[in-house]
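K.L.:
Take a look at start_2.tsv, TSV, C-alpha atoms:
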chain	number	residue	atom	x	y	z
Y	516	ARG	CA	11.59	-49.37	-51.78
Y	517	LEU	CA	12.40	-49.28	-55.52
Y	518	VAL	CA	10.67	-45.90	-55.77
Y	519	ASN	CA	12.98	-44.51	-53.06
Y	520	GLU	CA	16.03	-46.00	-54.76
Y	521	LEU	CA	14.99	-44.52	-58.12
Y	522	ALA	CA	14.45	-41.09	-56.52
Y	523	GLY	CA	17.93	-41.31	-54.95
Y	524	LEU	CA	19.52	-42.20	-58.30
Y	525	LYS	CA	17.76	-39.26	-60.00
Y	526	THR	CA	19.11	-36.94	-57.34
Y	527	ASP	CA	22.61	-38.36	-57.80
Y	528	MET	CA	22.35	-37.93	-61.58
Y	529	GLY	CA	21.30	-34.29	-61.14
Y	530	VAL	CA	24.31	-33.64	-58.91
Y	531	MET	CA	26.66	-35.34	-61.39
Y	532	ARG	CA	25.22	-33.31	-64.31
Y	533	SER	CA	25.73	-30.07	-62.41
Y	534	ARG	CA	29.36	-31.03	-61.70
Y	535	LEU	CA	29.99	-32.25	-65.25
Y	536	ALA	CA	28.67	-29.15	-67.06
Y	537	PRO	CA	31.48	-26.79	-65.94
Y	538	LEU	CA	34.10	-29.43	-66.80
Y	539	GLU	CA	32.66	-29.85	-70.29
Y	540	GLN	CA	32.67	-26.09	-70.73
Y	541	ARG	CA	36.27	-25.71	-69.53
Y	542	THR	CA	37.52	-28.40	-71.89
Y	543	GLY	CA	35.60	-26.97	-74.84
Y	544	LEU	CA	33.27	-29.96	-75.16
Y	545	ALA	CA	30.34	-27.63	-74.49
Y	546	LYS	CA	29.89	-23.91	-75.04
Y	547	ALA	CA	30.44	-21.86	-71.90
Y	548	LYS	CA	27.20	-20.72	-70.27
Y	549	SER	CA	26.90	-18.35	-67.37
Y	550	ASP	CA	24.15	-16.45	-65.63
Y	551	LYS	CA	26.83	-14.16	-64.17
Y	552	LEU	CA	28.71	-13.06	-67.31
Y	553	SER	CA	27.35	-10.79	-70.04
Y	554	ARG	CA	28.12	-10.22	-73.72
Y	555	LEU	CA	28.27	-6.94	-75.56
Y	556	GLN	CA	25.10	-6.80	-77.67
Y	557	SER	CA	26.59	-5.18	-80.77
Y	558	GLY	CA	29.42	-3.04	-82.08
Y	559	ASP	CA	33.18	-3.08	-81.73
Y	560	ARG	CA	34.50	-5.59	-79.19
Y	561	ARG	CA	38.27	-5.00	-79.60
Y	562	VAL	CA	40.33	-3.74	-76.70
Y	563	THR	CA	43.22	-1.33	-77.23
Y	564	LEU	CA	46.52	-2.57	-75.84
Y	565	TRP	CA	48.59	0.34	-74.57
Y	566	GLU	CA	51.94	0.96	-72.95
Y	567	GLY	CA	51.65	1.39	-69.20
Y	568	SER	CA	53.54	1.15	-65.95
Y	569	TYR	CA	54.32	-2.42	-65.00
Y	570	LEU	CA	55.15	-3.61	-61.47
Y	571	ALA	CA	56.44	-7.16	-61.32
Y	572	TYR	CA	56.13	-7.62	-57.54
Y	573	PRO	CA	55.30	-5.64	-54.38
Y	574	GLY	CA	57.70	-2.74	-53.92
Y	575	ALA	CA	59.10	-3.03	-57.46
Y	576	LYS	CA	59.97	0.13	-59.36
Y	577	PRO	CA	57.50	0.77	-62.17
Y	578	LYS	CA	58.75	0.11	-65.69
Y	579	LYS	CA	57.12	1.12	-68.95
Y	580	ARG	CA	55.97	-1.91	-70.85
Y	581	ARG	CA	53.65	-2.75	-73.74
Y	582	LEU	CA	50.69	-4.84	-72.67
Y	583	ALA	CA	50.60	-6.48	-76.11
Y	584	ASN	CA	54.08	-7.95	-75.51
Y	585	HIS	CA	53.07	-9.26	-72.09
Y	586	ILE	CA	50.05	-11.25	-73.25
Y	587	LYS	CA	51.72	-12.93	-76.24
Y	588	GLY	CA	51.70	-16.69	-75.92
Y	589	TYR	CA	48.71	-16.89	-73.56
Y	590	ASN	CA	45.45	-18.63	-74.45
Y	591	GLY	CA	43.51	-15.43	-73.93
Y	592	TYR	CA	43.40	-13.27	-70.84
Y	593	VAL	CA	41.16	-11.65	-68.27
Y	594	VAL	CA	41.52	-7.93	-67.54
Y	595	ALA	CA	40.57	-6.77	-64.04
Y	596	PHE	CA	40.11	-2.99	-63.76
Y	597	TRP	CA	40.18	-1.57	-60.24
Y	598	ALA	CA	41.10	1.48	-58.15
Y	599	THR	CA	42.16	2.10	-54.57
Y	600	TRP	CA	39.05	4.28	-54.01
Y	601	CYS	CA	36.75	1.39	-55.08
Y	602	VAL	CA	35.86	-0.28	-51.77
Y	603	PRO	CA	34.64	-3.61	-53.27
Y	604	CYS	CA	37.77	-3.75	-55.49
Y	605	ILE	CA	40.19	-3.84	-52.58
Y	606	SER	CA	38.19	-5.80	-49.99
Y	607	ASP	CA	39.89	-8.82	-48.45
Y	608	GLU	CA	37.27	-11.10	-50.02
Y	609	GLU	CA	37.85	-9.61	-53.50
Y	610	LEU	CA	41.63	-9.96	-53.21
Y	611	ALA	CA	41.22	-13.61	-52.17
Y	612	HIS	CA	38.95	-14.28	-55.18
Y	613	LEU	CA	41.44	-12.56	-57.49
Y	614	GLY	CA	44.27	-14.76	-56.21
Y	615	GLU	CA	42.13	-17.84	-56.78
Y	616	MET	CA	41.28	-16.63	-60.29
Y	617	GLN	CA	44.91	-15.91	-61.14
Y	618	ARG	CA	45.98	-19.44	-60.13
Y	619	ALA	CA	43.12	-21.09	-62.05
Y	620	LEU	CA	43.83	-19.04	-65.19
Y	621	LYS	CA	47.55	-19.91	-65.08
Y	622	ARG	CA	46.65	-23.64	-64.99
Y	623	LYS	CA	44.60	-22.99	-68.13
Y	624	GLY	CA	47.36	-21.12	-69.96
Y	625	ALA	CA	45.54	-17.78	-69.64
Y	626	GLU	CA	46.65	-14.61	-67.87
Y	627	LEU	CA	45.04	-12.27	-65.34
Y	628	VAL	CA	45.92	-8.68	-66.21
Y	629	SER	CA	45.36	-6.54	-63.11
Y	630	VAL	CA	45.00	-2.86	-64.11
Y	631	ALA	CA	44.93	-0.10	-61.50
Y	632	ILE	CA	43.36	3.03	-62.98
Y	633	ASP	CA	44.01	5.64	-60.29
Y	634	ASP	CA	47.17	7.48	-59.24
Y	635	LEU	CA	50.22	5.19	-59.20
Y	636	SER	CA	51.57	6.63	-55.93
Y	637	LEU	CA	48.25	5.77	-54.23
Y	638	VAL	CA	48.50	2.22	-55.56
Y	639	ARG	CA	52.13	1.74	-54.52
Y	640	ASN	CA	51.77	3.33	-51.06
Y	641	HIS	CA	48.43	1.84	-50.07
Y	642	ALA	CA	48.29	-0.27	-46.89
Y	643	LYS	CA	47.26	-3.30	-48.98
Y	644	ALA	CA	49.93	-2.85	-51.68
Y	645	SER	CA	51.63	-6.11	-50.73
Y	646	ARG	CA	48.34	-7.95	-51.38
Y	647	TRP	CA	47.58	-6.60	-54.88
Y	648	ILE	CA	47.66	-9.11	-57.74
Y	649	TYR	CA	51.09	-8.98	-59.40
Y	650	PRO	CA	52.24	-8.41	-62.00
Y	651	LEU	CA	50.26	-5.20	-61.81
Y	652	TRP	CA	49.61	-2.76	-64.63
Y	653	HIS	CA	48.87	0.92	-64.18
Y	654	LYS	CA	47.55	3.63	-66.43
Y	655	ASP	CA	45.57	6.64	-65.26
Y	656	ASP	CA	42.04	5.99	-66.53
Y	657	GLY	CA	43.43	2.92	-68.30
Y	658	HIS	CA	39.97	1.46	-68.72
Y	659	LEU	CA	38.93	4.46	-70.86
Y	660	ALA	CA	42.01	3.95	-73.05
Y	661	MET	CA	41.48	0.19	-73.37
Y	662	LEU	CA	37.71	-0.31	-73.64
Y	663	PRO	CA	35.95	-0.14	-77.01
Y	664	GLN	CA	33.74	2.96	-77.26
Y	665	ASP	CA	30.72	0.73	-77.97
Y	666	PHE	CA	31.37	-1.02	-74.66
Y	667	ILE	CA	31.53	2.28	-72.75
Y	668	ARG	CA	28.27	3.47	-74.35
Y	669	GLN	CA	26.39	0.22	-73.72
Y	670	VAL	CA	27.80	-0.90	-70.37
Y	671	GLY	CA	29.56	2.03	-68.73
Y	672	VAL	CA	32.73	1.93	-66.65
Y	673	ASN	CA	31.64	0.83	-63.17
Y	674	LEU	CA	34.27	-0.90	-61.07
Y	675	PRO	CA	35.26	-3.60	-60.49
Y	676	LEU	CA	35.16	-4.61	-64.14
Y	677	PHE	CA	36.40	-7.89	-65.61
Y	678	LEU	CA	36.85	-8.59	-69.33
Y	679	VAL	CA	37.35	-12.06	-70.78
Y	680	VAL	CA	39.43	-11.39	-73.90
Y	681	ALA	CA	40.31	-13.75	-76.78
Y	682	ASN	CA	43.75	-13.92	-78.40
Y	683	ASP	CA	42.55	-11.62	-81.19
Y	684	GLY	CA	41.79	-8.87	-78.66
Y	685	SER	CA	38.00	-9.09	-78.73
Y	686	VAL	CA	35.95	-9.12	-75.55
Y	687	CYS	CA	34.12	-12.44	-75.24
Y	688	GLU	CA	32.28	-11.72	-72.00
Y	689	PHE	CA	32.38	-9.26	-69.13
Y	690	TYR	CA	31.43	-9.01	-65.48
Y	691	ASN	CA	31.12	-5.74	-63.56
Y	692	GLN	CA	30.39	-6.54	-59.95
Y	693	LYS	CA	32.40	-7.74	-57.00
Y	694	LEU	CA	33.50	-11.34	-57.34
Y	695	ASP	CA	32.07	-14.43	-55.72
Y	696	SER	CA	33.12	-18.05	-56.19
Y	697	VAL	CA	30.57	-18.65	-58.97
Y	698	ALA	CA	31.74	-15.56	-60.91
Y	699	VAL	CA	35.37	-16.70	-60.57
Y	700	ARG	CA	34.46	-20.16	-61.86
Y	701	ASP	CA	32.50	-18.72	-64.79
Y	702	ILE	CA	35.21	-16.23	-65.76
Y	703	VAL	CA	37.88	-18.95	-65.71
Y	704	THR	CA	35.59	-21.26	-67.70
Y	705	ALA	CA	34.97	-18.56	-70.33
Y	706	ALA	CA	38.68	-17.69	-70.64
Y	707	GLY	CA	41.28	-19.39	-72.77
Y	708	PRO	CA	40.95	-21.45	-75.92
Y	709	VAL	CA	37.19	-21.91	-75.50
Y	710	CYS	CA	36.59	-18.12	-75.50
Y	711	GLN	CA	34.23	-17.63	-78.44
Y	712	HIS	CA	32.81	-14.37	-79.69
Can the structure from this file be put into structure tokens for me?
P.N.:
Amino acid sequence: RLVNELAGLKTDMGVMRSRLAPLEQRTGLAKAKSDKLSRLQSGDRRVTLWEGSYLAYPGAKPKKRRLANHIKGYNGYVVAFWATWCVPCISDEELAHLGEMQRALKRKGAELVSVAIDDLSLVRNHAKASRWIYPLWHKDDGHLAMLPQDFIRQVGVNLPLFLVVANDGSVCEFYNQKLDSVAVRDIVTAAGPVCQH
């Protein structure tokens, strides 16, 4: 009987450790670890913040705005590059995960920067335009303008692409696949004040 009780306690401890690890990482008590996210191996990690079209809400008229001004005051940010022609980028599941990520990042004092890289009229007139993540940024081939050249050479520019970026503009980690709940959790954990490069 004691052997069964001890086995049950070990199982409970394992479950508690697995639940505690992400909390320790999110609070900065432990370094963020993820099997889903990757780091750039070497070279320049700084993103270029450009002026682009900014849509505050569905149906809004685009305004020119500097991305650098938008992200001031946040504890880091996550950039999500996508396009209307990228089927995984605009799937219902992906949009739901993006909404979940945006809410979790806001609670952490970080921002989700949604960047559409294809034609603005396609983005604004798409059947799913009311479901995009707003505020929404647009720049034709914006990922090529924003990504460090070392990143493009080493990783490429496949979509969807997510960058976890520190306040100083350096990419801490990246993820370039469609989202799932574990990826969302790991991206949120890596973002914000605990983002280390």
K.L.:
Hey, what's within 9 Å of Y:Ala631 if we count all atoms listed in the file and toss same-chain stuff fewer than 2 positions away? As a list in words, please?
P.N.:
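Within the cut-off, the hits are Ala595, Phe596, Trp597, Ala598, Thr599, Ser629, Asp633, Asp634, Leu635, Val638, Leu651, Trp652, His653, Lys654, Asp655, Asp656, Gly657 and His658 of chain Y.
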K.L.:
Just want the 7 Å neighbourhood of stretch 682-694 of chain Y, counted on all atoms listed in the file, with same-chain residues fewer than 2 positions away dropped. Output as a list in words.
P.N.:
Leu552, Ser553, Arg554, Arg560, Arg561, Val562, Asn590, Gly591, Pro603, Cys604, Glu609, His612, Asn673, Leu674, Pro675, Leu676, Phe677, Leu678, Val679, Val680, Ser696, Ala698, Val699, Cys710, Gln711 and His712 of chain Y
K.L.:
Separation of atom CA of Y:Gln617 and atom CA of Y:Leu662, in Å?
P.N.:
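Straight-line distance from atom CA of Y:Gln617 to atom CA of Y:Leu662 works out to 21.2 Å.
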K.L.:
Would you work out the distance separating atom CA of Y:Pro650 from atom CA of Y:Arg622, expressed in Å to one decimal?
P.N.:
16.5 Å
K.L.:
In Å, how far is it from atom CA of Y:Val594 to atom CA of Y:Glu626?
P.N.:
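According to the coordinates, atom CA of Y:Val594 and atom CA of Y:Glu626 are separated by 8.4 Å.
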K.L.:
Which residues are near Y:Ala583? Cut-off 9 Å, only C-alpha atoms, ignore same chain within fewer than 5 positions. Put them as a VMD selection string.
P.N.:
chain Y and resid 564 to 566
K.L.:
Return as AutoDock Vina command-line options the box centre and box size in Å, one decimal, for an axis-aligned box around all listed atoms of stretch 617-624 of chain Y padded by 4 Å per side.
P.N.:
--center_x 45.3 --center_y -19.8 --center_z -65.0 --size_x 12.4 --size_y 15.7 --size_z 17.8
K.L.:
Within 9 Å of Y:Pro663, counting all atoms listed in the file, which residues qualify if same-chain residues fewer than 3 places away don't, as a list in words?
P.N.:
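Residues near the query, excluding close chain neighbours: Gly558, Asp559, Arg560, Arg561, Val562, Thr563, Leu659, Ala660, Phe666, Ile667 and Arg668 of chain Y.
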K.L.:
For the selection just defined, write its residues with C-alpha atoms to a file, as a compact mmCIF listing (two decimals), keeping the file's coordinate frame.
P.N.:
# COMPACT_ATOMS: atom_id res chain seq x y z
CA GLY Y 558 29.42 -3.04 -82.08
CA ASP Y 559 33.18 -3.08 -81.73
CA ARG Y 560 34.50 -5.59 -79.19
CA ARG Y 561 38.27 -5.00 -79.60
CA VAL Y 562 40.33 -3.74 -76.70
CA THR Y 563 43.22 -1.33 -77.23
CA LEU Y 659 38.93 4.46 -70.86
CA ALA Y 660 42.01 3.95 -73.05
CA PHE Y 666 31.37 -1.02 -74.66
CA ILE Y 667 31.53 2.28 -72.75
CA ARG Y 668 28.27 3.47 -74.35
K.L.:
Smallest atom-to-atom distance to Y:Asp607: which of Y:Arg646, Y:Ser636, Y:Gly574, Y:Val630, using only C-alpha atoms?
P.N.:
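Going through Y:Arg646, Y:Ser636, Y:Gly574, Y:Val630 one by one, the smallest distance to Y:Asp607 is for Y:Arg646.
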K.L.:
Any chance you could build stretch 560-581 of chain Y out to N, CA, C and O atoms and write it as an mmCIF file, keeping the file's coordinate frame?
P.N.:
data_model
loop_
_atom_site.group_PDB
_atom_site.id
_atom_site.type_symbol
_atom_site.label_atom_id
_atom_site.label_comp_id
_atom_site.auth_asym_id
_atom_site.auth_seq_id
_atom_site.Cartn_x
_atom_site.Cartn_y
_atom_site.Cartn_z
ATOM 1 N N ARG Y 560 34.163 -4.866 -80.414
ATOM 2 C CA ARG Y 560 34.500 -5.590 -79.190
ATOM 3 C C ARG Y 560 36.009 -5.602 -78.925
ATOM 4 O O ARG Y 560 36.455 -6.252 -78.004
ATOM 5 N N ARG Y 561 36.803 -4.924 -79.728
ATOM 6 C CA ARG Y 561 38.270 -5.000 -79.600
ATOM 7 C C ARG Y 561 38.809 -4.041 -78.556
ATOM 8 O O ARG Y 561 38.490 -2.861 -78.561
ATOM 9 N N VAL Y 562 39.654 -4.576 -77.690
ATOM 10 C CA VAL Y 562 40.330 -3.740 -76.700
ATOM 11 C C VAL Y 562 41.574 -3.129 -77.331
ATOM 12 O O VAL Y 562 42.117 -3.651 -78.304
ATOM 13 N N THR Y 563 42.007 -2.005 -76.773
ATOM 14 C CA THR Y 563 43.220 -1.330 -77.230
ATOM 15 C C THR Y 563 44.323 -1.638 -76.231
ATOM 16 O O THR Y 563 44.178 -1.372 -75.037
ATOM 17 N N LEU Y 564 45.405 -2.220 -76.713
ATOM 18 C CA LEU Y 564 46.520 -2.570 -75.840
ATOM 19 C C LEU Y 564 47.524 -1.433 -75.852
ATOM 20 O O LEU Y 564 48.065 -1.090 -76.892
ATOM 21 N N TRP Y 565 47.767 -0.847 -74.683
ATOM 22 C CA TRP Y 565 48.590 0.340 -74.570
ATOM 23 C C TRP Y 565 49.886 0.041 -73.831
ATOM 24 O O TRP Y 565 50.082 -1.040 -73.299
ATOM 25 N N GLU Y 566 50.741 1.046 -73.784
ATOM 26 C CA GLU Y 566 51.940 0.960 -72.950
ATOM 27 C C GLU Y 566 51.577 1.563 -71.594
ATOM 28 O O GLU Y 566 50.931 2.591 -71.516
ATOM 29 N N GLY Y 567 51.952 0.895 -70.533
ATOM 30 C CA GLY Y 567 51.650 1.390 -69.200
ATOM 31 C C GLY Y 567 52.759 1.065 -68.237
ATOM 32 O O GLY Y 567 53.747 0.420 -68.594
ATOM 33 N N SER Y 568 52.579 1.492 -67.001
ATOM 34 C CA SER Y 568 53.540 1.150 -65.950
ATOM 35 C C SER Y 568 53.296 -0.282 -65.515
ATOM 36 O O SER Y 568 52.159 -0.709 -65.355
ATOM 37 N N TYR Y 569 54.376 -1.002 -65.325
ATOM 38 C CA TYR Y 569 54.320 -2.420 -65.000
ATOM 39 C C TYR Y 569 55.100 -2.643 -63.717
ATOM 40 O O TYR Y 569 56.247 -2.213 -63.605
ATOM 41 N N LEU Y 570 54.474 -3.261 -62.728
ATOM 42 C CA LEU Y 570 55.150 -3.610 -61.470
ATOM 43 C C LEU Y 570 55.154 -5.122 -61.359
ATOM 44 O O LEU Y 570 54.092 -5.744 -61.309
ATOM 45 N N ALA Y 571 56.326 -5.704 -61.316
ATOM 46 C CA ALA Y 571 56.440 -7.160 -61.320
ATOM 47 C C ALA Y 571 56.104 -7.784 -59.973
ATOM 48 O O ALA Y 571 55.611 -8.902 -59.918
ATOM 49 N N TYR Y 572 56.350 -7.074 -58.880
ATOM 50 C CA TYR Y 572 56.130 -7.620 -57.540
ATOM 51 C C TYR Y 572 55.982 -6.459 -56.562
ATOM 52 O O TYR Y 572 56.308 -5.314 -56.893
ATOM 53 N N PRO Y 573 55.488 -6.728 -55.344
ATOM 54 C CA PRO Y 573 55.300 -5.640 -54.380
ATOM 55 C C PRO Y 573 56.607 -4.880 -54.138
ATOM 56 O O PRO Y 573 57.660 -5.482 -53.964
ATOM 57 N N GLY Y 574 56.537 -3.565 -54.166
ATOM 58 C CA GLY Y 574 57.700 -2.740 -53.920
ATOM 59 C C GLY Y 574 58.586 -2.518 -55.134
ATOM 60 O O GLY Y 574 59.556 -1.762 -55.071
ATOM 61 N N ALA Y 575 58.279 -3.175 -56.244
ATOM 62 C CA ALA Y 575 59.100 -3.030 -57.460
ATOM 63 C C ALA Y 575 58.972 -1.621 -58.017
ATOM 64 O O ALA Y 575 57.952 -0.957 -57.852
ATOM 65 N N LYS Y 576 60.026 -1.161 -58.671
ATOM 66 C CA LYS Y 576 59.970 0.130 -59.360
ATOM 67 C C LYS Y 576 59.168 -0.058 -60.643
ATOM 68 O O LYS Y 576 59.352 -1.042 -61.362
ATOM 69 N N PRO Y 577 58.289 0.891 -60.941
ATOM 70 C CA PRO Y 577 57.500 0.770 -62.170
ATOM 71 C C PRO Y 577 58.382 0.877 -63.412
ATOM 72 O O PRO Y 577 59.308 1.669 -63.451
ATOM 73 N N LYS Y 578 58.073 0.059 -64.396
ATOM 74 C CA LYS Y 578 58.750 0.110 -65.690
ATOM 75 C C LYS Y 578 57.693 0.287 -66.755
ATOM 76 O O LYS Y 578 56.581 -0.210 -66.619
ATOM 77 N N LYS Y 579 58.039 0.988 -67.816
ATOM 78 C CA LYS Y 579 57.120 1.120 -68.950
ATOM 79 C C LYS Y 579 57.191 -0.166 -69.759
ATOM 80 O O LYS Y 579 58.270 -0.676 -70.048
ATOM 81 N N ARG Y 580 56.014 -0.663 -70.110
ATOM 82 C CA ARG Y 580 55.970 -1.910 -70.850
ATOM 83 C C ARG Y 580 54.713 -1.940 -71.712
ATOM 84 O O ARG Y 580 53.689 -1.403 -71.329
ATOM 85 N N ARG Y 581 54.821 -2.601 -72.861
ATOM 86 C CA ARG Y 581 53.650 -2.750 -73.740
ATOM 87 C C ARG Y 581 52.848 -3.968 -73.309
ATOM 88 O O ARG Y 581 53.384 -5.068 -73.211
#
